[in-house]
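One structure is given here, and the rest of the page talks about it.
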Amino acid sequence: MIIASFDLLEDGIVPPKKTSNGLKILFVRREDYLAHPRHSGKVESRLSNEQEVFDAVEKWAKGQKCKINVVNGLFAHMSMKEQLQAILEASVIIGAHGAGLTHLVSATPDTKVLEIISSFYRRPHFGLISHWKSLEYHAINLPGSYASIPDVTNELGNILKGLGC
């Protein structure tokens with residue numbers, strides 16, 4: 001229903017992913033902002049080194065044997081239709097725990113998910129959505145809000161092996 005309301009269906013069905021230009025890794029990005037009173041007036045980052053992780057994933061992807069396109073999913077600067085299109089085209093969706101991952105409800109069943117979870121935001125939401133949608137779900141549970149680059153790229157490598165890459 002969501003996908004149809006944005007005219008993203010082809011002949012009434014979700015179109016298959018186009019992989020002729022390579023696999024797409026959608027990195028769902030966040031901008032720090034004060035969104036809830038429980039934050040007591042201070043902004044807290046879900047992934048303190050997000051830019052570093054994004055840059056490292058882009059660099060890592062260029063060195064892989066198959067073609068991988070890393071998409072900068074800064075949803076705050078994308079229309080809703082662009083956000084949904086990015087979700088539908090992604091082979092892998094990676095991101096820190098946050099509202100942007102709610103779009104998993106529109107992901108196709110062949111989508112893989114890698115959630116990076118800060119110790120400050122351990123919630124089951126996106127694991128449960130993934131289970132409900134029959135998406136292959138992976139999580140990296142951080143001891144704080146800083147992600148180890150090798151941990152992220154190693155997990156992505158394991159996920160991509162399952163996609164034949």
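If you're wondering about the labels, chains in the structure tokens are A, B, ... by order shown, residues count from 1 in each chain, ligands from 1 in order shown.
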**Message:** Neighbouring residues of stretch 149-163 of chain A were defined as those with any atom within 9 Å, considering only C-alpha atoms; residues of the same chain fewer than 5 positions away were excluded. Please report them as a list in words.
**Reply:**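 Everything that qualifies: Leu23, Glu52, Val53, Ala56, Val57, Trp60, Ala61, Gln64, Ser91, Val92, Ile94, Lys112, Val113, Leu114, Ile116, His138, Ala139 and Ile140 of chain A.
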**Request:** Per DSSP on the backbone, filter stretch 25-109 of chain A down to the residues in strand (DSSP E or B) and report them as a list of chain:residue names.
**Result:**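 Residues meeting the strand (DSSP E or B) criterion: A:Ile25, A:Leu26, A:Phe27, A:Val28, A:Ile68, A:Asn69, A:Val70, A:Val71, A:Asn72, A:Gly73, A:Val92, A:Ile93, A:Ile94, A:Gly95, A:Ala96.
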Grab the residues selected above and save them as a compact mmCIF listing (two decimals), in the first residue's frame with all heavy atoms.
# COMPACT_ATOMS: atom_id res chain seq x y z
N ILE A 25 24.26 -1.21 -1.58
CA ILE A 25 24.24 -1.15 -0.12
C ILE A 25 23.71 0.22 0.24
O ILE A 25 24.32 1.24 -0.08
CB ILE A 25 25.64 -1.35 0.48
CG1 ILE A 25 26.18 -2.74 0.18
CG2 ILE A 25 25.60 -1.10 1.99
CD1 ILE A 25 27.60 -2.99 0.66
N LEU A 26 22.56 0.25 0.88
CA LEU A 26 21.98 1.50 1.33
C LEU A 26 22.43 1.74 2.76
O LEU A 26 22.11 0.96 3.65
CB LEU A 26 20.44 1.45 1.26
CG LEU A 26 19.70 2.63 1.88
CD1 LEU A 26 20.05 3.94 1.19
CD2 LEU A 26 18.20 2.37 1.87
N PHE A 27 23.19 2.80 2.96
CA PHE A 27 23.63 3.18 4.30
C PHE A 27 22.67 4.25 4.80
O PHE A 27 22.72 5.40 4.39
CB PHE A 27 25.06 3.72 4.26
CG PHE A 27 25.74 3.74 5.60
CD1 PHE A 27 26.88 2.99 5.82
CD2 PHE A 27 25.27 4.53 6.64
CE1 PHE A 27 27.53 3.02 7.05
CE2 PHE A 27 25.89 4.56 7.86
CZ PHE A 27 27.04 3.80 8.08
N VAL A 28 21.75 3.86 5.68
CA VAL A 28 20.77 4.79 6.24
C VAL A 28 21.48 5.66 7.26
O VAL A 28 21.99 5.17 8.26
CB VAL A 28 19.57 4.04 6.86
CG1 VAL A 28 18.59 5.03 7.50
CG2 VAL A 28 18.87 3.18 5.82
N ILE A 68 29.81 -3.07 -6.33
CA ILE A 68 28.94 -2.67 -5.21
C ILE A 68 28.81 -1.15 -5.24
O ILE A 68 29.81 -0.43 -5.31
CB ILE A 68 29.54 -3.10 -3.86
CG1 ILE A 68 29.72 -4.61 -3.80
CG2 ILE A 68 28.66 -2.61 -2.70
CD1 ILE A 68 30.52 -5.10 -2.61
N ASN A 69 27.57 -0.69 -5.19
CA ASN A 69 27.30 0.74 -5.09
C ASN A 69 26.81 1.04 -3.69
O ASN A 69 25.83 0.46 -3.24
CB ASN A 69 26.21 1.16 -6.10
CG ASN A 69 26.63 0.88 -7.51
OD1 ASN A 69 27.63 1.38 -7.98
ND2 ASN A 69 25.86 0.05 -8.21
N VAL A 70 27.51 1.93 -2.99
CA VAL A 70 27.08 2.34 -1.66
C VAL A 70 26.28 3.62 -1.81
O VAL A 70 26.76 4.61 -2.37
CB VAL A 70 28.30 2.55 -0.71
CG1 VAL A 70 27.83 3.00 0.67
CG2 VAL A 70 29.12 1.27 -0.61
N VAL A 71 25.05 3.58 -1.32
CA VAL A 71 24.13 4.71 -1.45
C VAL A 71 24.09 5.46 -0.12
O VAL A 71 23.86 4.86 0.93
CB VAL A 71 22.71 4.22 -1.83
CG1 VAL A 71 21.74 5.38 -1.90
CG2 VAL A 71 22.76 3.45 -3.15
N ASN A 72 24.29 6.77 -0.21
CA ASN A 72 24.24 7.63 0.97
C ASN A 72 22.78 7.92 1.29
O ASN A 72 22.15 8.76 0.66
CB ASN A 72 25.01 8.93 0.69
CG ASN A 72 25.10 9.83 1.89
OD1 ASN A 72 24.50 9.58 2.94
ND2 ASN A 72 25.85 10.90 1.75
N GLY A 73 22.23 7.22 2.25
CA GLY A 73 20.82 7.34 2.59
C GLY A 73 20.58 8.36 3.68
O GLY A 73 20.14 8.00 4.78
N VAL A 92 21.36 -4.69 0.43
CA VAL A 92 21.71 -4.66 1.85
C VAL A 92 21.38 -3.27 2.38
O VAL A 92 21.71 -2.27 1.75
CB VAL A 92 23.21 -4.95 2.08
CG1 VAL A 92 23.56 -4.90 3.57
CG2 VAL A 92 23.62 -6.29 1.48
N ILE A 93 20.75 -3.24 3.54
CA ILE A 93 20.47 -1.98 4.23
C ILE A 93 21.26 -2.01 5.53
O ILE A 93 21.14 -2.94 6.33
CB ILE A 93 18.96 -1.81 4.52
CG1 ILE A 93 18.18 -1.78 3.21
CG2 ILE A 93 18.72 -0.53 5.35
CD1 ILE A 93 16.68 -1.84 3.38
N ILE A 94 22.09 -0.99 5.71
CA ILE A 94 22.90 -0.88 6.91
C ILE A 94 22.60 0.46 7.57
O ILE A 94 22.39 1.46 6.88
CB ILE A 94 24.42 -1.01 6.59
CG1 ILE A 94 25.27 -0.83 7.84
CG2 ILE A 94 24.84 -0.05 5.51
CD1 ILE A 94 26.76 -1.05 7.61
N GLY A 95 22.58 0.48 8.88
CA GLY A 95 22.38 1.75 9.56
C GLY A 95 22.34 1.58 11.06
O GLY A 95 22.18 0.47 11.58
N ALA A 96 22.52 2.70 11.74
CA ALA A 96 22.39 2.72 13.20
C ALA A 96 20.92 2.68 13.56
O ALA A 96 20.07 3.14 12.80
CB ALA A 96 23.05 3.98 13.76
**Request:** Identify, on the basis of only C-alpha atoms, every residue whose closest approach to A:Lys17 does not exceed 10 Å; exclude the query and any residue fewer than 5 positions from it along the same chain; express the result as a ChimeraX atom specification.
**Result:** /A:23-24,88-91,108,110-111
Can I get the selection written as an mmCIF file, in the first residue's frame, with C-alpha atoms?
data_model
loop_
_atom_site.group_PDB
_atom_site.id
_atom_site.type_symbol
_atom_site.label_atom_id
_atom_site.label_comp_id
_atom_site.auth_asym_id
_atom_site.auth_seq_id
_atom_site.Cartn_x
_atom_site.Cartn_y
_atom_site.Cartn_z
ATOM 1 C CA LEU A 23 24.582 -4.671 -5.720
ATOM 2 C CA LYS A 24 23.384 -1.669 -3.765
ATOM 3 C CA LEU A 88 13.355 -1.173 -2.793
ATOM 4 C CA GLU A 89 16.623 -1.103 -4.766
ATOM 5 C CA ALA A 90 18.886 -2.068 -1.852
ATOM 6 C CA SER A 91 20.365 -5.546 -1.605
ATOM 7 C CA THR A 108 11.557 -6.836 -0.405
ATOM 8 C CA ASP A 110 15.517 -10.720 -0.504
ATOM 9 C CA THR A 111 16.894 -7.673 1.346
#
**Message:** I'd like to know which of A:Arg29, A:Glu58, A:Glu115, A:Asn21 is closest to A:His77, using only C-alpha atoms.
**Reply:**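 With only C-alpha atoms as the atom set, the closest residue is A:Arg29.
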**Message:** I'd like the contact shell of stretch 4-8 of chain A - 12 Å cut-off, only C-alpha atoms, skipping same-chain residues fewer than 6 positions apart - returned as a ChimeraX atom specification.
**Reply:** /A:14-16,79-89,106
